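Structure file coords-v9.txt with compact mmCIF, C-alpha atoms:
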```txt
# COMPACT_ATOMS: atom_id res chain seq x y z
CA MET A 23 -12.42 18.48 25.97
CA LYS A 24 -14.27 16.43 23.33
CA LYS A 25 -15.84 18.08 20.32
CA THR A 26 -18.29 16.57 17.85
CA LEU A 27 -17.42 17.12 14.19
CA LYS A 28 -19.67 16.58 11.22
CA ALA A 29 -19.30 13.19 9.54
CA MET A 30 -16.70 13.28 6.76
CA ASP A 31 -14.22 11.08 4.95
CA LEU A 32 -11.05 11.19 7.04
CA VAL A 33 -8.46 8.57 7.98
CA PHE A 34 -4.93 8.94 9.37
CA PRO A 35 -3.03 7.94 7.35
CA ALA A 36 -4.28 6.78 3.96
CA PRO A 37 -1.88 5.00 1.60
CA VAL A 38 -0.84 6.46 -1.76
CA LEU A 39 -1.73 3.72 -4.26
CA ILE A 40 -0.98 4.20 -7.94
CA ILE A 41 -3.40 2.10 -9.96
CA GLY A 42 -2.19 0.95 -13.38
CA SER A 43 -4.63 -0.28 -16.04
CA TYR A 44 -4.91 -0.84 -19.79
CA ASP A 45 -7.72 0.38 -22.01
CA GLU A 46 -9.14 -1.76 -24.83
CA ASN A 47 -6.30 -0.65 -27.14
CA GLY A 48 -3.57 -1.51 -24.68
CA ASN A 49 -2.88 2.10 -23.72
CA ALA A 50 -1.63 2.29 -20.15
CA ASP A 51 -3.19 4.68 -17.63
CA ALA A 52 -2.40 5.48 -14.00
CA MET A 53 -4.39 7.09 -11.21
CA ASN A 54 -3.74 7.95 -7.57
CA VAL A 55 -6.08 6.27 -5.08
CA ALA A 56 -6.09 6.96 -1.33
CA TRP A 57 -9.33 5.19 -0.39
CA GLY A 58 -7.97 1.66 -0.41
CA GLY A 59 -5.72 -0.90 1.22
CA LEU A 60 -5.56 -4.56 2.04
CA CYS A 61 -8.85 -6.37 2.64
CA SER A 62 -7.85 -10.03 2.87
CA SER A 63 -4.87 -12.19 3.81
CA ASN A 64 -5.89 -15.53 2.32
CA PRO A 65 -6.09 -14.99 -0.56
CA PRO A 66 -4.15 -11.73 -0.30
CA ALA A 67 -6.29 -8.95 -1.78
CA TYR A 68 -6.49 -5.19 -2.19
CA CYS A 69 -9.64 -3.09 -2.12
CA ILE A 70 -9.73 0.26 -3.90
CA SER A 71 -12.59 2.73 -4.18
CA ILE A 72 -12.90 4.60 -7.48
CA ARG A 73 -15.63 6.79 -8.93
CA PRO A 74 -17.28 5.06 -11.92
CA GLN A 75 -16.57 8.08 -14.19
CA ARG A 76 -12.83 7.42 -13.99
CA LYS A 77 -10.95 6.02 -16.98
CA THR A 78 -9.34 3.54 -14.59
CA PHE A 79 -12.72 2.09 -13.62
CA GLU A 80 -13.72 1.68 -17.28
CA ASN A 81 -10.39 -0.06 -17.92
CA ILE A 82 -10.67 -2.36 -14.92
CA GLN A 83 -14.18 -3.40 -15.91
CA LYS A 84 -12.93 -4.38 -19.37
CA THR A 85 -9.69 -6.13 -18.41
CA GLY A 86 -10.59 -7.52 -14.98
CA ALA A 87 -7.14 -6.51 -13.80
CA PHE A 88 -5.04 -3.71 -12.34
CA THR A 89 -1.71 -3.08 -10.67
CA VAL A 90 -1.06 -1.25 -7.41
CA ALA A 91 2.26 0.62 -7.12
CA ILE A 92 3.23 2.09 -3.75
CA GLY A 93 3.80 5.86 -3.83
CA THR A 94 7.29 6.79 -2.68
CA GLU A 95 9.14 9.96 -1.70
CA SER A 96 11.27 9.81 -4.85
CA LEU A 97 8.18 9.62 -7.09
CA MET A 98 5.90 11.94 -5.10
CA ALA A 99 5.54 14.47 -7.93
CA GLU A 100 4.59 11.76 -10.44
CA ALA A 101 2.17 10.17 -7.95
CA ASP A 102 0.54 13.53 -7.28
CA TYR A 103 0.30 14.31 -11.00
CA PHE A 104 -1.58 11.02 -11.55
CA GLY A 105 -4.17 12.34 -9.09
CA MET A 106 -4.46 15.77 -10.71
CA VAL A 107 -5.23 14.79 -14.31
CA SER A 108 -7.97 12.58 -15.69
CA GLY A 109 -7.14 9.73 -18.04
CA ASN A 110 -10.22 10.82 -19.98
CA LYS A 111 -8.46 14.10 -20.82
CA GLU A 112 -4.80 13.09 -21.07
CA ALA A 113 -4.36 9.80 -22.94
CA ASP A 114 -0.71 9.30 -21.97
CA LYS A 115 -0.33 10.41 -18.34
CA ILE A 116 2.44 7.89 -17.70
CA GLY A 117 4.53 9.03 -20.68
CA LYS A 118 3.89 12.68 -19.85
CA ALA A 119 5.26 12.00 -16.35
CA GLY A 120 8.40 10.58 -17.96
CA LEU A 121 7.69 7.02 -16.84
CA THR A 122 7.53 3.70 -18.70
CA VAL A 123 5.59 0.47 -18.39
CA THR A 124 5.96 -3.28 -18.85
CA LYS A 125 3.02 -5.64 -19.12
CA ALA A 126 2.51 -7.51 -15.85
CA GLU A 127 3.47 -11.17 -15.84
CA HIS A 128 0.21 -12.53 -14.35
CA VAL A 129 -2.52 -10.06 -15.37
CA ASN A 130 -3.54 -7.79 -18.24
CA ALA A 131 -2.33 -4.55 -16.63
CA PRO A 132 0.81 -2.39 -16.79
CA VAL A 133 3.59 -2.33 -14.21
CA ILE A 134 5.14 1.16 -14.04
CA ASN A 135 8.84 0.36 -14.20
CA GLU A 136 10.10 3.28 -12.13
CA PHE A 137 8.00 2.51 -9.03
CA PRO A 138 10.01 0.14 -6.83
CA LEU A 139 7.08 -2.01 -5.64
CA SER A 140 4.01 -3.14 -7.56
CA PHE A 141 1.25 -5.66 -6.92
CA GLU A 142 -0.52 -7.48 -9.77
CA CYS A 143 -4.25 -7.81 -9.05
CA LYS A 144 -7.08 -9.79 -10.59
CA VAL A 145 -10.62 -8.52 -9.97
CA MET A 146 -12.63 -10.70 -7.56
CA GLN A 147 -15.68 -8.50 -6.88
CA ILE A 148 -16.95 -5.00 -7.58
CA LEU A 149 -19.31 -3.43 -5.07
CA ASP A 150 -21.35 -0.21 -5.04
CA ILE A 151 -20.75 1.99 -1.98
CA GLY A 152 -22.40 5.38 -2.31
CA GLN A 153 -20.83 7.26 -5.21
CA HIS A 154 -17.83 4.92 -5.37
CA LYS A 155 -17.18 1.54 -6.93
CA HIS A 156 -15.30 -0.67 -4.46
CA VAL A 157 -13.04 -3.00 -6.41
CA ILE A 158 -11.60 -6.09 -4.70
CA GLY A 159 -8.56 -7.56 -6.44
CA GLU A 160 -6.63 -10.69 -5.52
CA ILE A 161 -2.87 -10.15 -5.39
CA VAL A 162 -1.45 -12.72 -7.81
CA GLY A 163 2.09 -11.40 -8.11
CA ILE A 164 4.54 -8.84 -6.68
CA VAL A 165 7.32 -7.06 -8.58
CA ALA A 166 10.02 -5.37 -6.51
CA ASP A 167 13.28 -3.56 -7.25
CA ASP A 168 16.17 -5.34 -5.58
CA SER A 169 17.15 -1.91 -4.22
CA ILE A 170 14.29 -2.08 -1.67
CA LEU A 171 14.91 -5.68 -0.58
CA ASP A 172 17.10 -6.99 2.18
CA GLU A 173 19.27 -10.09 1.82
CA ASN A 174 16.26 -12.39 2.40
CA ASP A 175 14.19 -10.67 -0.31
CA GLN A 176 12.04 -9.07 2.37
CA ILE A 177 10.86 -5.55 1.66
CA ASN A 178 12.76 -2.96 3.71
CA ALA A 179 10.48 -0.03 4.51
CA SER A 180 13.38 2.31 5.21
CA LYS A 181 14.66 1.68 1.67
CA LEU A 182 11.20 1.84 0.07
CA LYS A 183 10.41 5.23 1.64
CA ALA A 184 6.67 5.03 1.06
CA ILE A 185 4.51 8.11 1.41
CA ALA A 186 1.04 8.35 2.92
CA TYR A 187 -1.81 10.80 2.34
CA GLU A 188 -3.20 13.03 5.08
CA PRO A 189 -6.68 14.09 3.94
CA SER A 190 -7.37 16.78 6.53
CA GLY A 191 -4.42 18.96 5.56
CA ASN A 192 -4.16 17.58 2.02
CA THR A 193 -0.52 16.67 2.41
CA TYR A 194 1.80 13.72 1.87
CA LEU A 195 3.55 12.22 4.89
CA ALA A 196 6.74 10.20 5.17
CA ALA A 197 5.87 6.60 6.09
CA SER A 198 9.27 5.14 6.82
CA HIS A 199 10.19 6.23 10.36
CA THR A 200 9.83 3.34 12.83
CA VAL A 201 8.50 4.19 16.30
CA GLY A 202 7.78 0.76 17.74
CA LYS A 203 7.44 -2.98 17.34
CA ALA A 204 4.06 -4.50 16.56
CA PHE A 205 3.18 -7.50 18.77
CA GLY A 206 5.79 -6.07 21.12
CA ALA A 207 4.96 -2.51 22.12
CA GLY A 208 1.95 -3.76 24.09
CA ALA A 209 3.67 -6.72 25.78
CA ALA A 210 3.88 -5.06 29.21
CA LEU A 211 0.09 -4.74 29.32
CA LEU A 212 -0.25 -8.51 28.81
CA LYS A 213 1.25 -9.10 32.25
CA LYS A 214 -1.18 -6.80 34.07
CA MET B 15 16.91 -5.13 -11.21
CA LYS B 16 13.32 -6.36 -10.77
CA LYS B 17 12.53 -9.43 -8.71
CA THR B 18 9.28 -11.36 -8.56
CA LEU B 19 8.04 -12.13 -5.05
CA LYS B 20 5.34 -14.58 -4.09
CA ALA B 21 1.88 -13.05 -3.66
CA MET B 22 1.29 -11.94 -0.09
CA ASP B 23 -0.66 -9.41 1.95
CA LEU B 24 1.52 -6.29 2.05
CA VAL B 25 0.75 -2.58 1.85
CA PHE B 26 2.87 0.45 2.75
CA PRO B 27 1.59 1.84 5.02
CA ALA B 28 -1.52 0.37 6.64
CA PRO B 29 -3.43 2.44 9.19
CA VAL B 30 -3.75 1.41 12.86
CA LEU B 31 -7.50 1.35 13.46
CA ILE B 32 -8.85 0.51 16.91
CA ILE B 33 -12.33 -0.94 16.53
CA GLY B 34 -14.69 -0.47 19.48
CA SER B 35 -17.83 -2.61 19.88
CA TYR B 36 -20.34 -3.74 22.50
CA ASP B 37 -21.44 -7.30 23.13
CA GLU B 38 -25.06 -8.20 23.90
CA ASN B 39 -24.54 -7.30 27.58
CA GLY B 40 -23.07 -3.89 26.82
CA ASN B 41 -19.48 -4.94 27.60
CA ALA B 42 -17.05 -2.91 25.51
CA ASP B 43 -14.31 -4.59 23.48
CA ALA B 44 -11.51 -3.22 21.31
CA MET B 45 -9.36 -4.75 18.58
CA ASN B 46 -6.55 -3.50 16.34
CA VAL B 47 -7.27 -3.68 12.61
CA ALA B 48 -4.74 -2.85 9.89
CA TRP B 49 -6.64 -4.18 6.88
CA GLY B 50 -9.01 -1.25 6.46
CA GLY B 51 -9.46 2.39 5.57
CA LEU B 52 -11.88 4.69 3.83
CA CYS B 53 -14.00 3.24 1.04
CA SER B 54 -16.46 6.03 0.21
CA SER B 55 -16.73 9.81 0.36
CA ASN B 56 -20.48 10.26 -0.09
CA PRO B 57 -21.64 8.92 2.23
CA PRO B 58 -18.33 8.82 4.12
CA ALA B 59 -17.59 5.20 5.03
CA TYR B 60 -14.91 2.94 6.46
CA CYS B 61 -14.18 -0.62 5.40
CA ILE B 62 -12.51 -3.01 7.83
CA SER B 63 -11.59 -6.66 7.32
CA ILE B 64 -11.98 -8.95 10.33
CA ARG B 65 -11.87 -12.71 10.73
CA PRO B 66 -15.32 -14.07 11.64
CA GLN B 67 -13.93 -15.81 14.75
CA ARG B 68 -13.19 -12.46 16.38
CA LYS B 69 -15.30 -11.21 19.28
CA THR B 70 -15.49 -7.87 17.46
CA PHE B 71 -17.17 -9.45 14.45
CA GLU B 72 -19.74 -11.21 16.65
CA ASN B 73 -20.43 -7.87 18.37
CA ILE B 74 -20.74 -5.91 15.11
CA GLN B 75 -23.16 -8.47 13.70
CA LYS B 76 -25.39 -8.07 16.76
CA THR B 77 -25.26 -4.29 17.17
CA GLY B 78 -24.82 -3.17 13.55
CA ALA B 79 -22.32 -0.61 14.79
CA PHE B 80 -18.68 0.04 15.66
CA THR B 81 -16.28 2.87 16.32
CA VAL B 82 -12.90 3.48 14.70
CA ALA B 83 -10.24 5.21 16.83
CA ILE B 84 -7.00 6.29 15.16
CA GLY B 85 -3.89 4.73 16.74
CA THR B 86 -1.45 7.37 18.00
CA GLU B 87 2.13 7.47 19.24
CA SER B 88 1.01 8.23 22.82
CA LEU B 89 -1.30 5.17 22.85
CA MET B 90 0.88 2.80 20.81
CA ALA B 91 1.27 0.27 23.66
CA GLU B 92 -2.50 0.14 24.25
CA ALA B 93 -3.19 -0.14 20.50
CA ASP B 94 -0.68 -2.96 20.19
CA TYR B 95 -2.12 -4.75 23.23
CA PHE B 96 -5.58 -4.68 21.60
CA GLY B 97 -4.02 -6.62 18.71
CA MET B 98 -2.30 -9.18 20.93
CA VAL B 99 -5.21 -10.43 23.04
CA SER B 100 -8.53 -11.88 21.95
CA GLY B 101 -11.78 -10.47 23.32
CA ASN B 102 -12.90 -14.09 23.56
CA LYS B 103 -10.22 -14.71 26.20
CA GLU B 104 -10.01 -11.36 28.03
CA ALA B 105 -13.47 -9.89 28.66
CA ASP B 106 -12.21 -6.44 29.69
CA LYS B 107 -9.30 -5.56 27.39
CA ILE B 108 -10.09 -1.85 27.56
CA GLY B 109 -10.13 -1.74 31.37
CA LYS B 110 -7.01 -3.89 31.54
CA ALA B 111 -5.26 -1.35 29.32
CA GLY B 112 -6.26 1.36 31.79
CA LEU B 113 -8.69 3.02 29.40
CA THR B 114 -12.34 4.05 29.73
CA VAL B 115 -15.32 4.31 27.38
CA THR B 116 -18.41 6.42 26.76
CA LYS B 117 -21.33 5.24 24.62
CA ALA B 118 -21.22 6.87 21.20
CA GLU B 119 -23.82 9.55 20.54
CA HIS B 120 -25.10 8.18 17.21
CA VAL B 121 -24.54 4.40 17.34
CA ASN B 122 -24.57 1.49 19.78
CA ALA B 123 -20.79 1.25 20.19
CA PRO B 124 -18.21 2.54 22.67
CA VAL B 125 -15.93 5.54 22.14
CA ILE B 126 -12.61 4.98 23.96
CA ASN B 127 -12.18 8.28 25.79
CA GLU B 128 -8.39 8.40 25.79
CA PHE B 129 -7.99 8.14 21.99
CA PRO B 130 -8.08 11.67 20.57
CA LEU B 131 -10.04 10.87 17.40
CA SER B 132 -12.91 8.42 16.89
CA PHE B 133 -15.40 7.76 14.13
CA GLU B 134 -18.89 6.42 14.84
CA CYS B 135 -19.93 3.89 12.17
CA LYS B 136 -23.18 2.21 11.25
CA VAL B 137 -22.94 -1.07 9.29
CA MET B 138 -23.99 -0.74 5.63
CA GLN B 139 -22.84 -4.07 4.18
CA ILE B 140 -20.85 -7.15 5.18
CA LEU B 141 -18.99 -9.02 2.47
CA ASP B 142 -17.06 -12.30 2.38
CA ILE B 143 -13.52 -12.01 1.02
CA GLY B 144 -11.52 -15.18 1.49
CA GLN B 145 -11.11 -15.88 5.20
CA HIS B 146 -12.13 -12.33 6.16
CA LYS B 147 -15.41 -10.55 6.65
CA HIS B 148 -15.25 -7.12 5.00
CA VAL B 149 -17.43 -4.74 6.99
CA ILE B 150 -18.52 -1.44 5.41
CA GLY B 151 -19.68 1.18 7.93
CA GLU B 152 -21.05 4.63 7.22
CA ILE B 153 -19.40 7.35 9.31
CA VAL B 154 -22.28 9.06 11.12
CA GLY B 155 -20.30 11.07 13.66
CA ILE B 156 -16.78 12.11 14.67
CA VAL B 157 -15.52 12.77 18.19
CA ALA B 158 -12.24 14.67 18.56
CA ASP B 159 -10.21 16.07 21.45
CA ASP B 160 -9.83 19.81 21.09
CA SER B 161 -6.09 19.21 21.67
CA ILE B 162 -5.75 17.86 18.09
CA LEU B 163 -7.83 20.58 16.40
CA ASP B 164 -6.70 23.89 14.99
CA GLU B 165 -8.67 27.12 15.42
CA ASN B 166 -11.10 26.13 12.62
CA ASP B 167 -11.83 22.74 14.21
CA GLN B 168 -9.80 21.06 11.46
CA ILE B 169 -7.77 18.04 12.54
CA ASN B 170 -4.07 18.85 12.77
CA ALA B 171 -2.03 15.76 11.88
CA SER B 172 1.10 17.04 13.62
CA LYS B 173 -0.89 17.25 16.87
CA LEU B 174 -2.70 13.93 16.34
CA LYS B 175 0.58 12.03 15.78
CA ALA B 176 -1.06 8.99 14.19
CA ILE B 177 0.90 5.79 13.75
CA ALA B 178 0.81 3.41 10.79
CA TYR B 179 1.55 -0.31 10.52
CA GLU B 180 4.34 -1.69 8.34
CA PRO B 181 3.50 -5.36 7.73
CA SER B 182 6.80 -6.48 6.19
CA GLY B 183 8.93 -5.61 9.22
CA ASN B 184 6.00 -5.82 11.70
CA THR B 185 6.62 -2.34 13.04
CA TYR B 186 4.73 0.86 13.74
CA LEU B 187 5.69 3.99 11.82
CA ALA B 188 5.24 7.66 12.65
CA ALA B 189 2.61 9.16 10.32
CA SER B 190 2.91 12.84 11.07
CA HIS B 191 5.93 14.14 9.14
CA THR B 192 4.85 16.15 6.09
CA VAL B 193 6.96 15.77 2.94
CA GLY B 194 4.79 17.47 0.31
CA LYS B 195 1.53 19.04 -0.74
CA ALA B 196 -1.15 16.92 -2.41
CA PHE B 197 -2.61 18.50 -5.56
CA GLY B 198 0.59 20.56 -5.56
CA ALA B 199 3.68 18.36 -5.65
CA GLY B 200 2.81 17.27 -9.20
CA ALA B 201 1.91 20.72 -10.56
CA ALA B 202 5.10 21.11 -12.59
CA LEU B 203 4.24 18.00 -14.61
CA LEU B 204 0.89 19.55 -15.57
CA LYS B 205 2.71 22.14 -17.68
CA LYS B 206 4.74 19.60 -19.66
```

Rendering of file as structure tokens:
Amino acid sequence: MKKTLKAMDLVFPAPVLIIGSYDENGNADAMNVAWGGLCSSNPPAYCISIRPQRKTFENIQKTGAFTVAIGTESLMAEADYFGMVSGNKEADKIGKAGLTVTKAEHVNAPVINEFPLSFECKVMQILDIGQHKHVIGEIVGIVADDSILDENDQINASKLKAIAYEPSGNTYLAASHTVGKAFGAGAALLKK
Amino acid sequence: MKKTLKAMDLVFPAPVLIIGSYDENGNADAMNVAWGGLCSSNPPAYCISIRPQRKTFENIQKTGAFTVAIGTESLMAEADYFGMVSGNKEADKIGKAGLTVTKAEHVNAPVINEFPLSFECKVMQILDIGQHKHVIGEIVGIVADDSILDENDQINASKLKAIAYEPSGNTYLAASHTVGKAFGAGAALLKK
């Protein structure tokens, strides 16, 4: 039986994106964003939605740049911590979490060294959507640990062990267990 | 060791969003979109990126509405099929997949009955990002099977059994295995 629920912000699953940015003094900050993902293939680009009160948004406005690190099982506690504390209250969240940064090669934003996969993004557009700012950033570089790459330098999801966010139950999910082949699972229906 | 990869469109994981729309004659179409997700909490809104050549984009422009169904393990083949065939070539993808539709209560778009969770969306903005159109749609209603709800009408992710898309290996992932508590896993770091 179908039920009608009140309109709310749910998706299954959301990614766990750790956004790295510098303030005007070059201090690195990190936040945890779930409302985001890819929004373009050519050029490749991420979109992330952030409330304008966030330190990260202030930083991104000033630098025009940010990094996106993929949340992983091994760094779940650190990723979650970045979502619990405001950069306006704790000036060194990354250090407090025991992590370190290196300036990105292509943009004015920090790469968090311990995360195995980071994307360097340059702001293309910033949009108002309700109470959020929707930031579109072109991916201009990718930094990956060789530990998550296969022999052809392709990212291996079973080595990366990304997590996802489940907003209804407020939990993190494993996002590394393959259940089917895209552009394959539906092939039988093509012949109908 | 860190390696630099060329910029490309990767995220871990992407959701599997089935977009339902009507053409000008009321024929229902469905496509599979991975570049999308939530972009606002208040009002709740989805963003989806679609190439302008797609039948779905033509439909959305005309009706100002679409639905988002969450891809699930039980409907993985159908979801994948919707991503393999163009609505410009096959006029009845939904029927061909053996599925049925009901007009949404709040918008001029079809709800695919067999998917257990659908969001009714009303177009707020359409943006150009590279070769994609980025469509922002306010969530104005949710339709859920009671089979995926718990006793408080909250969506239970372990009953929903959503899938996610892994673009590097081109596979579908299970997105229902909990590995931690959000706003909890990082609590120990708060005390540092």

- Message: Just the number, please: distance in Å from CA of Ile143 in chain B to CA of Arg65 in chain B, one decimal.
- Response: 9.9 Å

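Residue nearest chain A within the list B:Asn73, B:Asn166, B:Asn56, B:Asn39: B:Asn56 [criterion: smallest interatomic distance, all atoms listed in the file].
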
Distance table requested - chain A against chain B, cut-off 6 Å, all atoms listed in the file: one row per qualifying residue with the closest atom pair and its distance in Å to one decimal, ordered by chain and rising residue number, as a Markdown table.
```
| residue | atom | partner | partner_atom | distance |
| --- | --- | --- | --- | --- |
| A:Met23 | CA | B:Asp159 | CA | 5.6 |
| A:Lys24 | CA | B:Asp159 | CA | 4.5 |
| A:Lys25 | CA | B:Ala158 | CA | 5.3 |
| A:Thr26 | CA | B:Val157 | CA | 4.7 |
| A:Leu27 | CA | B:Ile156 | CA | 5.1 |
| A:Ala29 | CA | B:Gly155 | CA | 4.7 |
| A:Met30 | CA | B:Pro58 | CA | 5.4 |
| A:Asp31 | CA | B:Pro58 | CA | 4.8 |
| A:Pro35 | CA | B:Pro29 | CA | 5.8 |
| A:Pro37 | CA | B:Pro27 | CA | 5.8 |
| A:Trp57 | CA | B:Leu52 | CA | 5.0 |
| A:Leu60 | CA | B:Trp49 | CA | 5.0 |
| A:Cys61 | CA | B:Trp49 | CA | 5.3 |
| A:Ser62 | CA | B:His146 | CA | 5.9 |
| A:Ser63 | CA | B:Asp23 | CA | 5.4 |
| A:Asn64 | CA | B:Gly144 | CA | 5.7 |
| A:Pro65 | CA | B:Gly144 | CA | 5.8 |
| A:Pro66 | CA | B:Asp23 | CA | 4.8 |
| A:Ser71 | CA | B:Cys53 | CA | 5.4 |
| A:Ala99 | CA | B:Gly200 | CA | 4.1 |
| A:Glu100 | CA | B:Gly200 | CA | 5.9 |
| A:Asp102 | CA | B:Gly200 | CA | 4.8 |
| A:Tyr103 | CA | B:Gly200 | CA | 4.3 |
| A:Gly152 | CA | B:Asn56 | CA | 5.7 |
| A:Gln153 | CA | B:Asn56 | CA | 5.9 |
| A:His154 | CA | B:Ser54 | CA | 5.9 |
| A:Ile161 | CA | B:Ala21 | CA | 5.8 |
| A:Val162 | CA | B:Ala21 | CA | 5.3 |
| A:Gly163 | CA | B:Ala21 | CA | 4.8 |
| A:Ile164 | CA | B:Leu19 | CA | 5.1 |
| A:Val165 | CA | B:Thr18 | CA | 4.7 |
| A:Ala166 | CA | B:Lys17 | CA | 5.3 |
| A:Asp167 | CA | B:Lys16 | CA | 4.5 |
| A:Asp168 | CA | B:Met15 | CA | 5.7 |
| A:Asn192 | CA | B:Ala196 | CA | 5.4 |
| A:Thr193 | CA | B:Lys195 | CA | 4.4 |
| A:Tyr194 | CA | B:Gly194 | CA | 5.0 |
| A:Leu195 | CA | B:Thr192 | CA | 4.3 |
| A:Ala196 | CA | B:His191 | CA | 5.7 |
| A:Ala197 | CA | B:Ala189 | CA | 5.9 |
| A:His199 | CA | B:Leu187 | CA | 5.2 |
| A:Thr200 | CA | B:Leu187 | CA | 4.3 |
| A:Val201 | CA | B:Leu187 | CA | 5.3 |
| A:Gly202 | CA | B:Tyr186 | CA | 5.0 |
| A:Lys203 | CA | B:Thr185 | CA | 4.4 |
| A:Ala204 | CA | B:Thr185 | CA | 4.9 |
| A:Ala207 | CA | B:Ala91 | CA | 4.9 |
| A:Gly208 | CA | B:Ala91 | CA | 4.1 |
```

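Between CA of Ala42 in chain B and CA of Asn102 in chain B the interatomic distance comes to 12.1 Å.
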
- Query: At what distance in Å, to one decimal, does CA of Ala79 in chain B lie from CA of Val125 in chain B?
  - Reply: 11.5 Å

Show me, as AutoDock Vina command-line options, the centre and edge lengths in Å to one decimal of the axis-aligned box that covers every listed atom of range 184-203 of chain A with 8 Å on each side.
```
--center_x 1.4 --center_y 8.0 --center_z 9.4 --size_x 33.6 --size_y 37.9 --size_z 32.7
```

- Please write as a PyMOL selection string the list of polymer residues whose atoms come within 9 Å of (-14.9, -13.0, 20.6), counting all atoms listed in the file and keeping to the coordinates of the file. chain B and resi 43+67-73+100-103+105
